[in-house]
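As stored in my_file_1.csv (CSV, C-alpha atoms and all ligand atoms):
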chain,number,residue,atom,x,y,z
A,132,MET,CA,44.7,16.2,-30.0
A,133,LYS,CA,46.1,17.3,-26.6
A,134,ILE,CA,43.7,16.8,-23.8
A,135,LYS,CA,44.3,20.2,-22.4
A,136,GLU,CA,43.3,21.8,-25.8
A,137,TYR,CA,40.2,19.6,-26.0
A,138,ARG,CA,39.3,20.8,-22.5
A,139,ILE,CA,39.2,24.4,-23.5
A,140,GLN,CA,36.9,23.7,-26.5
A,141,PHE,CA,34.7,21.4,-24.4
A,142,ILE,CA,34.2,24.0,-21.7
A,143,GLN,CA,33.6,26.8,-24.3
A,144,MET,CA,30.8,24.8,-26.0
A,145,LEU,CA,28.9,24.2,-22.7
A,146,THR,CA,29.5,27.5,-20.9
A,147,SER,CA,26.5,29.4,-22.3
A,148,LEU,CA,24.2,26.5,-21.2
A,149,TYR,CA,25.7,25.5,-17.9
A,150,GLY,CA,28.1,28.3,-16.8
A,151,GLU,CA,31.9,27.8,-16.8
A,152,GLY,CA,32.1,26.2,-13.4
A,153,GLU,CA,29.6,23.4,-14.1
A,154,ALA,CA,31.0,22.8,-17.7
A,155,GLU,CA,34.5,22.4,-16.1
A,156,SER,CA,33.1,20.0,-13.5
A,157,PHE,CA,31.5,17.9,-16.3
A,158,PHE,CA,34.9,17.8,-18.0
A,159,TYR,CA,36.7,16.4,-15.0
A,160,LEU,CA,33.9,13.9,-14.1
A,161,ILE,CA,34.1,12.4,-17.6
A,162,LEU,CA,37.9,12.5,-17.6
A,163,GLU,CA,37.9,10.4,-14.4
A,164,GLU,CA,35.2,8.1,-15.6
A,165,LYS,CA,36.3,7.5,-19.2
A,166,GLN,CA,40.1,8.1,-19.1
A,167,LYS,CA,40.7,7.2,-15.4
A,168,LEU,CA,42.6,10.5,-15.2
A,169,LYS,CA,42.3,13.1,-12.5
A,170,ARG,CA,42.8,16.9,-12.7
A,171,ILE,CA,46.2,16.6,-11.2
A,172,ASP,CA,47.3,14.1,-13.9
A,173,LEU,CA,46.6,16.7,-16.5
A,174,ALA,CA,48.5,19.3,-14.7
A,175,LEU,CA,51.5,17.0,-14.2
A,176,GLN,CA,51.4,15.7,-17.8
A,177,PRO,CA,50.3,18.6,-20.0
A,178,ASP,CA,51.2,16.7,-23.2
A,179,LEU,CA,48.7,13.9,-22.7
A,180,VAL,CA,46.6,13.3,-25.9
A,181,PHE,CA,43.3,11.8,-26.8
A,182,LEU,CA,43.2,9.0,-29.4
A,183,GLU,CA,40.9,9.4,-32.4
A,184,GLU,CA,38.4,6.9,-30.9
A,185,GLU,CA,38.4,8.7,-27.6
A,186,ILE,CA,37.5,12.0,-29.2
A,187,VAL,CA,34.5,10.3,-30.9
A,188,VAL,CA,33.3,9.2,-27.4
A,189,TRP,CA,33.9,12.6,-25.9
A,190,ASN,CA,32.1,14.4,-28.8
A,191,SER,CA,29.1,12.2,-28.4
A,192,ILE,CA,28.9,13.0,-24.7
A,193,LEU,CA,29.3,16.7,-25.5
A,194,GLU,CA,26.4,16.6,-28.0
A,195,GLN,CA,24.2,14.9,-25.4
A,196,LEU,CA,25.2,17.4,-22.8
A,197,LYS,CA,24.1,20.1,-25.2
A,198,LEU,CA,20.7,18.5,-25.2
A,199,GLU,CA,20.8,18.8,-21.4
A,200,ILE,CA,20.8,15.0,-20.8
A,201,PRO,CA,22.0,14.6,-17.2
A,202,VAL,CA,25.7,13.8,-17.0
A,203,GLN,CA,24.9,11.0,-14.5
A,204,TYR,CA,22.8,9.2,-17.1
A,205,LEU,CA,25.5,9.6,-19.7
A,206,LEU,CA,28.1,8.1,-17.4
A,207,GLY,CA,25.6,5.6,-16.0
A,208,LYS,CA,26.6,6.3,-12.4
A,209,THR,CA,26.6,8.8,-9.6
A,210,SER,CA,27.6,8.9,-6.0
A,211,PHE,CA,25.3,9.1,-3.0
A,212,TYR,CA,26.2,9.2,0.7
A,213,GLY,CA,29.8,8.2,-0.3
A,214,LEU,CA,28.7,5.2,-2.3
A,215,ASP,CA,28.6,4.4,-6.0
A,216,PHE,CA,25.2,3.9,-7.7
A,217,GLU,CA,24.4,2.9,-11.2
A,218,VAL,CA,21.7,5.2,-12.7
A,219,ASN,CA,19.7,5.2,-15.9
A,220,SER,CA,16.5,6.9,-17.2
A,221,ASN,CA,14.3,4.4,-15.2
A,222,VAL,CA,15.4,5.9,-11.9
A,223,LEU,CA,15.6,9.4,-10.5
A,224,ILE,CA,19.1,10.7,-10.0
A,225,PRO,CA,19.7,10.7,-6.2
A,226,ARG,CA,19.7,14.2,-4.8
A,227,PRO,CA,21.9,15.8,-2.1
A,228,GLU,CA,18.7,16.6,-0.1
A,229,THR,CA,18.0,12.9,0.2
A,230,GLU,CA,21.5,12.3,1.6
A,231,GLU,CA,20.4,14.6,4.5
A,232,LEU,CA,17.4,12.5,5.1
A,233,VAL,CA,19.5,9.3,5.2
A,234,ASP,CA,22.0,11.0,7.5
A,235,TRP,CA,19.1,11.9,9.9
A,236,ILE,CA,17.9,8.4,10.0
A,237,ILE,CA,21.3,6.9,10.6
A,238,SER,CA,22.2,9.3,13.4
A,239,ASN,CA,18.8,8.7,15.1
A,240,ASN,CA,19.3,4.9,14.9
A,241,LEU,CA,23.0,4.1,15.3
A,242,LYS,CA,22.7,3.5,19.1
A,243,ILE,CA,19.3,1.8,18.8
A,244,GLU,CA,20.6,-0.8,16.3
A,245,GLN,CA,23.2,-2.0,18.7
A,246,SER,CA,20.6,-3.5,21.0
A,247,LYS,CA,17.8,-4.2,18.5
A,248,ASN,CA,17.6,-5.7,15.0
A,249,LEU,CA,15.8,-2.9,13.2
A,250,LYS,CA,13.5,-3.7,10.4
A,251,ILE,CA,13.4,-0.9,7.8
A,252,LEU,CA,11.2,-0.4,4.7
A,253,ASP,CA,11.9,2.1,1.9
A,254,ILE,CA,8.8,2.8,-0.2
A,255,GLY,CA,9.5,3.9,-3.8
A,256,THR,CA,13.1,3.0,-3.7
A,257,GLY,CA,14.0,3.9,-7.3
A,258,SER,CA,17.8,3.5,-7.6
A,259,GLY,CA,17.8,2.0,-4.1
A,260,CYS,CA,19.9,4.9,-2.8
A,261,ILE,CA,18.0,5.3,0.5
A,262,ALA,CA,17.7,1.6,1.3
A,263,ILE,CA,21.2,0.7,0.3
A,264,SER,CA,22.9,3.5,2.2
A,265,LEU,CA,20.9,2.6,5.3
A,266,ALA,CA,21.8,-1.0,4.9
A,267,LYS,CA,25.5,-0.1,4.6
A,268,ASN,CA,25.5,2.2,7.6
A,269,LEU,CA,23.1,0.3,9.9
A,270,PRO,CA,24.7,-3.1,9.3
A,271,ASN,CA,22.5,-5.0,11.8
A,272,ALA,CA,19.3,-3.8,10.3
A,273,GLN,CA,17.1,-5.9,8.0
A,274,VAL,CA,16.2,-3.7,5.0
A,275,PHE,CA,13.3,-4.0,2.6
A,276,ALA,CA,12.7,-1.8,-0.4
A,277,LEU,CA,9.6,-1.6,-2.5
A,278,ASP,CA,8.8,0.0,-5.9
A,279,VAL,CA,6.1,-0.2,-8.5
A,280,SER,CA,8.6,-0.1,-11.4
A,281,GLU,CA,10.2,-3.4,-12.3
A,282,LYS,CA,12.9,-1.5,-14.2
A,283,ALA,CA,13.8,0.6,-11.2
A,284,LEU,CA,13.9,-2.5,-9.1
A,285,ALA,CA,16.4,-4.2,-11.5
A,286,THR,CA,18.7,-1.1,-11.1
A,287,ALA,CA,18.2,-1.1,-7.3
A,288,LYS,CA,19.2,-4.8,-7.2
A,289,LYS,CA,22.4,-4.2,-9.1
A,290,ASN,CA,23.2,-1.3,-6.8
A,291,ALA,CA,22.7,-3.5,-3.7
A,292,ASP,CA,25.1,-6.0,-5.3
A,293,LEU,CA,27.6,-3.3,-6.2
A,294,ASN,CA,27.6,-2.0,-2.6
A,295,GLU,CA,27.6,-5.6,-1.1
A,296,VAL,CA,24.5,-5.2,1.0
A,297,ASN,CA,21.5,-7.4,1.6
A,298,VAL,CA,18.2,-5.7,0.7
A,299,THR,CA,14.9,-7.5,0.1
A,300,PHE,CA,13.2,-6.0,-2.9
A,301,LEU,CA,9.4,-6.1,-3.4
A,302,HIS,CA,7.6,-5.3,-6.6
A,303,GLN,CA,4.4,-3.7,-5.4
A,304,SER,CA,2.2,-0.6,-6.0
A,305,ILE,CA,1.9,1.2,-2.7
A,306,LEU,CA,-1.4,2.8,-3.7
A,307,ASP,CA,-2.9,-0.7,-4.2
A,308,THR,CA,-1.5,-2.1,-0.9
A,309,GLU,CA,-3.9,-2.6,2.0
A,310,ASP,CA,-1.5,-4.0,4.5
A,311,LEU,CA,2.3,-4.5,4.4
A,312,GLY,CA,1.9,-7.9,6.0
A,313,GLN,CA,4.7,-7.4,8.5
A,314,GLU,CA,5.9,-4.8,11.1
A,315,PHE,CA,8.7,-2.3,10.6
A,316,ASP,CA,10.6,-0.2,13.1
A,317,ILE,CA,11.3,2.4,10.4
A,318,ILE,CA,9.3,3.3,7.3
A,319,VAL,CA,10.9,5.9,4.9
A,320,SER,CA,9.8,7.3,1.6
A,321,ASN,CA,10.7,9.9,-0.9
A,322,PRO,CA,7.6,9.5,-3.1
A,323,PRO,CA,6.6,11.6,-6.1
A,324,TYR,CA,5.7,15.1,-4.8
A,325,VAL,CA,6.1,17.7,-7.6
A,326,ARG,CA,2.8,19.2,-8.6
A,327,ASN,CA,2.1,20.0,-12.3
A,328,LEU,CA,1.8,23.6,-11.2
A,329,GLU,CA,5.5,23.5,-10.3
A,330,LYS,CA,6.5,22.2,-13.7
A,331,GLU,CA,7.7,25.6,-14.8
A,332,GLU,CA,10.3,25.7,-12.0
A,333,ILE,CA,11.7,22.3,-13.1
A,334,LYS,CA,14.7,22.5,-15.3
A,335,LYS,CA,14.8,20.9,-18.7
A,336,ASN,CA,17.4,18.2,-17.7
A,337,VAL,CA,14.9,17.0,-15.1
A,338,LEU,CA,11.7,17.5,-17.0
A,339,ASP,CA,12.8,15.9,-20.3
A,340,TYR,CA,14.9,13.1,-19.0
A,341,GLU,CA,14.0,11.9,-15.5
A,342,PRO,CA,11.1,9.5,-15.0
A,343,HIS,CA,7.8,11.4,-14.5
A,344,LEU,CA,6.5,8.4,-12.6
A,345,ALA,CA,9.0,9.2,-9.8
A,346,LEU,CA,8.4,12.9,-9.8
A,347,PHE,CA,4.9,14.1,-10.4
A,348,VAL,CA,1.5,14.1,-8.6
A,349,GLU,CA,-1.8,15.7,-9.5
A,350,ASP,CA,-2.3,19.3,-8.3
A,351,ASN,CA,-5.6,18.4,-6.6
A,352,ASP,CA,-4.2,15.4,-4.6
A,353,ALA,CA,-0.5,16.2,-4.1
A,354,LEU,CA,-0.3,14.2,-0.8
A,355,ILE,CA,-1.8,11.0,-2.1
A,356,PHE,CA,1.3,9.0,-1.5
A,357,TYR,CA,1.9,10.4,2.0
A,358,ARG,CA,-1.6,9.8,3.1
A,359,LYS,CA,-1.5,6.2,1.9
A,360,ILE,CA,2.0,5.5,3.4
A,361,ALA,CA,1.0,7.1,6.7
A,362,GLU,CA,-2.1,4.9,6.8
A,363,LEU,CA,0.0,1.8,6.2
A,364,ALA,CA,2.5,3.0,8.8
A,365,GLN,CA,-0.4,3.2,11.4
A,366,LYS,CA,-1.0,-0.5,10.7
A,367,ASN,CA,2.5,-1.7,10.1
A,368,LEU,CA,4.9,0.3,12.3
A,369,THR,CA,6.0,-1.2,15.6
A,370,ASN,CA,5.4,0.7,18.9
A,371,SER,CA,7.6,3.8,18.9
A,372,GLY,CA,8.3,3.1,15.2
A,373,GLN,CA,9.6,6.0,13.1
A,374,LEU,CA,8.1,7.3,9.9
A,375,TYR,CA,10.4,9.5,7.7
A,376,PHE,CA,9.5,11.4,4.6
A,377,GLU,CA,11.2,13.6,2.0
A,378,ILE,CA,8.6,16.3,1.2
A,379,ASN,CA,7.7,19.0,-1.2
A,380,GLN,CA,9.2,22.2,0.1
A,381,TYR,CA,5.9,24.1,-0.3
A,382,LEU,CA,3.8,21.6,1.6
A,383,GLY,CA,5.6,21.5,5.0
A,384,LYS,CA,2.6,22.9,6.9
A,385,GLU,CA,0.1,20.6,5.1
A,386,MET,CA,2.3,17.6,5.9
A,387,VAL,CA,2.6,18.4,9.6
A,388,GLU,CA,-1.3,18.7,9.7
A,389,LEU,CA,-1.7,15.4,7.9
A,390,LEU,CA,0.5,13.5,10.4
A,391,GLU,CA,-1.0,15.3,13.4
A,392,LYS,CA,-4.5,14.3,12.2
A,393,MET,CA,-3.3,10.7,11.8
A,394,ASN,CA,-2.1,10.7,15.4
A,395,PHE,CA,1.6,10.7,14.8
A,396,LYS,CA,3.6,12.2,17.8
A,397,ASN,CA,6.8,14.2,18.2
A,398,ILE,CA,6.5,15.4,14.6
A,399,GLU,CA,9.6,17.1,13.4
A,400,LEU,CA,9.9,19.1,10.2
A,401,ARG,CA,13.4,19.8,8.9
A,402,LYS,CA,15.0,22.1,6.3
A,403,ASP,CA,17.6,21.0,3.8
A,404,ILE,CA,20.9,22.8,3.1
A,405,TYR,CA,19.1,25.2,0.8
A,406,ASP,CA,16.8,26.2,3.7
A,407,ASN,CA,13.7,24.6,2.2
A,408,ASP,CA,11.3,22.5,4.3
A,409,ARG,CA,12.4,19.1,3.0
A,410,MET,CA,12.0,16.2,5.4
A,411,MET,CA,10.0,15.1,8.4
A,412,LEU,CA,9.7,12.5,11.1
A,413,GLY,CA,6.7,11.3,13.1
A,414,TYR,CA,6.5,8.6,15.7
A,415,LEU,CA,3.8,6.1,16.4
A,416,LEU,CA,3.8,5.9,20.2
A,501,LIG,N1,13.5,16.6,-5.3
A,501,LIG,C1,13.2,16.1,-6.6
A,501,LIG,C2,13.2,17.3,-7.7
A,501,LIG,O1,13.1,18.4,-7.3
A,501,LIG,C3,11.8,15.5,-6.6
A,501,LIG,C4,11.8,14.2,-5.9
A,501,LIG,C5,10.5,13.6,-5.8
A,501,LIG,O2,9.5,14.0,-6.4
A,501,LIG,N2,10.4,12.7,-4.9
A,501,LIG,O3,13.4,17.0,-8.8
Please express what this file holds, its structure, as C-alpha cells.
Amino acid sequence: MKIKEYRIQFIQMLTSLYGEGEAESFFYLILEEKQKLKRIDLALQPDLVFLEEEIVVWNSILEQLKLEIPVQYLLGKTSFYGLDFEVNSNVLIPRPETEELVDWIISNNLKIEQSKNLKILDIGTGSGCIAISLAKNLPNAQVFALDVSEKALATAKKNADLNEVNVTFLHQSILDTEDLGQEFDIIVSNPPYVRNLEKEEIKKNVLDYEPHLALFVEDNDALIFYRKIAELAQKNLTNSGQLYFEINQYLGKEMVELLEKMNFKNIELRKDIYDNDRMMLGYLL
C-alpha cells in the first residue's frame, strides 16, 4: 500500500478522537520514528509503499491510539528541552510547562556556575528530565536526583546515559526523609500535585495511562510534598540557596503563603505559556 494512501486512512480514523491536526502530527511522528522518513520525503517520493509487516506495526499503533494510549509511550520516547528521553508507563511524560521551569533555573544560574560548582538536587525525578537537562546545560554543576520509584529511576538512569551526563541517582521516599545529609545550592521539584477533585479535568490519556503515583495527592493535604520539601530545604540548602517548584495552577496563593510562613525570601510566582500559575522560586537568605 502506498504510504500516502495509508496516511489518509490513518488520519481519518483518529480525527473524531483527536482532531485532524493532532492525528496528522501523530502520523508524521510515527513516520519519522518507525520508517525514518520525514514529511518532505513523502512529498518528494509520493510512490513510497509500506511493506506488509510495516502495516501490521502501524495498525497496532493505530489501535492503541484509539484507546488513547499516549503516543510517547507507544514510541517509547519523547523530547524535552531539545533532548531525547526514553519514556514508559512508569514515568510521567515530560510536559512543556516543565521545560519553562528548567529554562528559568538555567538562565538564573548560567553566570553563577562559572565561578561556583553548584550542587543541585531534583526531588521526584521520574524520567529524569529536569535533572538531566540541568546537567546538560549547567555542565559544571553536580546533579543529584531522587525518586521513590525504582522503576522510574531505572528509566532516569538510561536517560542520563543516553544524554551523556553524570547524575547521581538516589532511591528514597522524600516523605520519609528527615535530613538530606548534604547541602545543595539548588533544590527543584515537580512533585505530585493534582487533587482528586481535579480528576474530571484530566484527560483519559493521562488518567488511564500515566502513573498516578506521580500525579495525585489527597484533596485535604494537597501541599504535603511541598511542605516536606521546603522543610528539608530549610535544613539542606546553602546560604542564598534556591528552591524551585512546579505547582498546581490553582494553588499559587497557598504556595506563596506556605513559603512565606517558612521564611523563604524573594519569593517569585510565575505563569506558564498557558497563563496559569505554574512555577515558583524562593531563596533561603
Ligand atoms: N502537569 C501535570 C498534569 O497536568 C501534573 C504534574 C504533576 O502532578 N506534578 O498532568
Using only C-alpha atoms, which residues of range 242-304 of chain A come within 12 Å of range 377-391 of chain A, and what is the closest atom pair for each, with the distance in Å to one decimal? Give it as JSON lines, sorted by chain and residue number.
{"residue": "A:Asp253", "atom": "CA", "partner": "A:Glu377", "partner_atom": "CA", "distance": 11.5}
{"residue": "A:Ile254", "atom": "CA", "partner": "A:Glu377", "partner_atom": "CA", "distance": 11.3}
{"residue": "A:Gly255", "atom": "CA", "partner": "A:Glu377", "partner_atom": "CA", "distance": 11.4}
{"residue": "A:Ile261", "atom": "CA", "partner": "A:Glu377", "partner_atom": "CA", "distance": 10.8}
Discussion item. Taking all atoms listed in the file and a cut-off of 10 Å, can you tell me which residues surround ligand LIG 501 (chain A), written as JSON, numbers by chain?
Written reply: {"A": [223, 224, 225, 226, 227, 228, 229, 255, 257, 320, 321, 322, 323, 324, 325, 326, 329, 330, 332, 333, 334, 336, 337, 338, 341, 342, 343, 344, 345, 346, 347, 348, 376, 377, 378, 379, 380, 409]}
Worksheet item: When you draw a straight line from CA of Lys289 in chain A to CA of Phe216 in chain A, how long is it in Å?
Response: 8.7 Å
Worksheet, complete the sentence: Counting only C-alpha atoms, closest pick from A:Gln203, A:Ser304, A:Gln245, A:Asn240 relative to Lys359 in chain A is A:Ser304
Worksheet item: Pick the closest to Gln140 in chain A from A:Glu155, A:Asp352, A:Glu281, A:Glu163: which is it, counting only C-alpha atoms?
Response: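 When distances to Gln140 in chain A are compared using only C-alpha atoms, the smallest one comes from A:Glu155.
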Item to complete: Compile the contact shell of Lys247 in chain A as a list in words: residues with an atom at most 10 Å away, counting all atoms listed in the file, same-chain residues fewer than 3 positions apart removed.
Response: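 Non-adjacent residues within range: Asn240, Lys242, Ile243, Glu244, Lys250, Asn271, Ala272 and Asp316 of chain A.
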Rebuild range 244-265 of chain A so that it carries N, CA, C and O atoms, then output the result as a compact mmCIF listing (two decimals), in the coordinates of the input.
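Output saved as selection_26.txt:
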# COMPACT_ATOMS: atom_id res chain seq x y z
N GLU A 244 20.34 0.50 17.05
CA GLU A 244 20.60 -0.80 16.30
C GLU A 244 21.57 -1.68 16.98
O GLU A 244 21.69 -2.83 16.62
N GLN A 245 22.29 -1.13 17.99
CA GLN A 245 23.20 -2.00 18.70
C GLN A 245 22.51 -3.00 19.59
O GLN A 245 23.01 -4.07 19.89
N SER A 246 21.30 -2.60 20.04
CA SER A 246 20.60 -3.50 21.00
C SER A 246 19.36 -4.12 20.32
O SER A 246 18.66 -4.92 20.92
N LYS A 247 19.07 -3.74 19.09
CA LYS A 247 17.80 -4.20 18.50
C LYS A 247 18.05 -4.43 16.99
O LYS A 247 18.76 -3.66 16.36
N ASN A 248 17.48 -5.52 16.45
CA ASN A 248 17.60 -5.70 15.00
C ASN A 248 16.49 -4.94 14.30
O ASN A 248 15.36 -5.40 14.20
N LEU A 249 16.82 -3.75 13.85
CA LEU A 249 15.80 -2.90 13.20
C LEU A 249 15.33 -3.45 11.91
O LEU A 249 16.12 -3.96 11.12
N LYS A 250 14.04 -3.31 11.69
CA LYS A 250 13.50 -3.70 10.40
C LYS A 250 13.07 -2.38 9.69
O LYS A 250 12.31 -1.58 10.24
N ILE A 251 13.59 -2.17 8.51
CA ILE A 251 13.40 -0.90 7.80
C ILE A 251 12.75 -1.16 6.44
O ILE A 251 13.12 -2.10 5.74
N LEU A 252 11.81 -0.29 6.07
CA LEU A 252 11.20 -0.40 4.70
C LEU A 252 11.32 0.96 4.02
O LEU A 252 10.94 2.00 4.57
N ASP A 253 11.84 0.93 2.80
CA ASP A 253 11.90 2.10 1.90
C ASP A 253 10.86 1.97 0.84
O ASP A 253 10.90 1.01 0.06
N ILE A 254 9.94 2.92 0.79
CA ILE A 254 8.80 2.80 -0.20
C ILE A 254 9.11 3.74 -1.38
O ILE A 254 9.29 4.94 -1.22
N GLY A 255 9.13 3.16 -2.59
CA GLY A 255 9.50 3.90 -3.80
C GLY A 255 10.96 4.08 -3.89
O GLY A 255 11.47 5.18 -4.00
N THR A 256 11.64 2.95 -3.90
CA THR A 256 13.10 3.00 -3.70
C THR A 256 13.88 3.52 -4.90
O THR A 256 14.98 4.03 -4.77
N GLY A 257 13.34 3.39 -6.11
CA GLY A 257 14.00 3.90 -7.30
C GLY A 257 15.38 3.25 -7.49
O GLY A 257 15.48 2.01 -7.60
N SER A 258 16.45 4.02 -7.47
CA SER A 258 17.80 3.50 -7.60
C SER A 258 18.23 2.65 -6.42
O SER A 258 19.27 1.99 -6.44
N GLY A 259 17.45 2.74 -5.34
CA GLY A 259 17.80 2.00 -4.10
C GLY A 259 18.66 2.85 -3.18
O GLY A 259 19.14 2.36 -2.15
N CYS A 260 18.86 4.12 -3.51
CA CYS A 260 19.90 4.90 -2.80
C CYS A 260 19.58 4.97 -1.27
O CYS A 260 20.51 4.84 -0.47
N ILE A 261 18.31 5.16 -0.89
CA ILE A 261 18.00 5.30 0.50
C ILE A 261 18.23 3.92 1.23
O ILE A 261 18.98 3.81 2.22
N ALA A 262 17.59 2.89 0.68
CA ALA A 262 17.70 1.60 1.30
C ALA A 262 19.10 1.08 1.43
O ALA A 262 19.52 0.55 2.47
N ILE A 263 19.86 1.26 0.36
CA ILE A 263 21.20 0.70 0.30
C ILE A 263 22.17 1.49 1.25
O ILE A 263 22.97 0.90 1.97
N SER A 264 22.02 2.80 1.28
CA SER A 264 22.90 3.50 2.20
C SER A 264 22.54 3.30 3.64
O SER A 264 23.41 3.31 4.52
N LEU A 265 21.26 3.02 3.92
CA LEU A 265 20.90 2.60 5.30
C LEU A 265 21.45 1.27 5.63
O LEU A 265 22.01 1.06 6.72
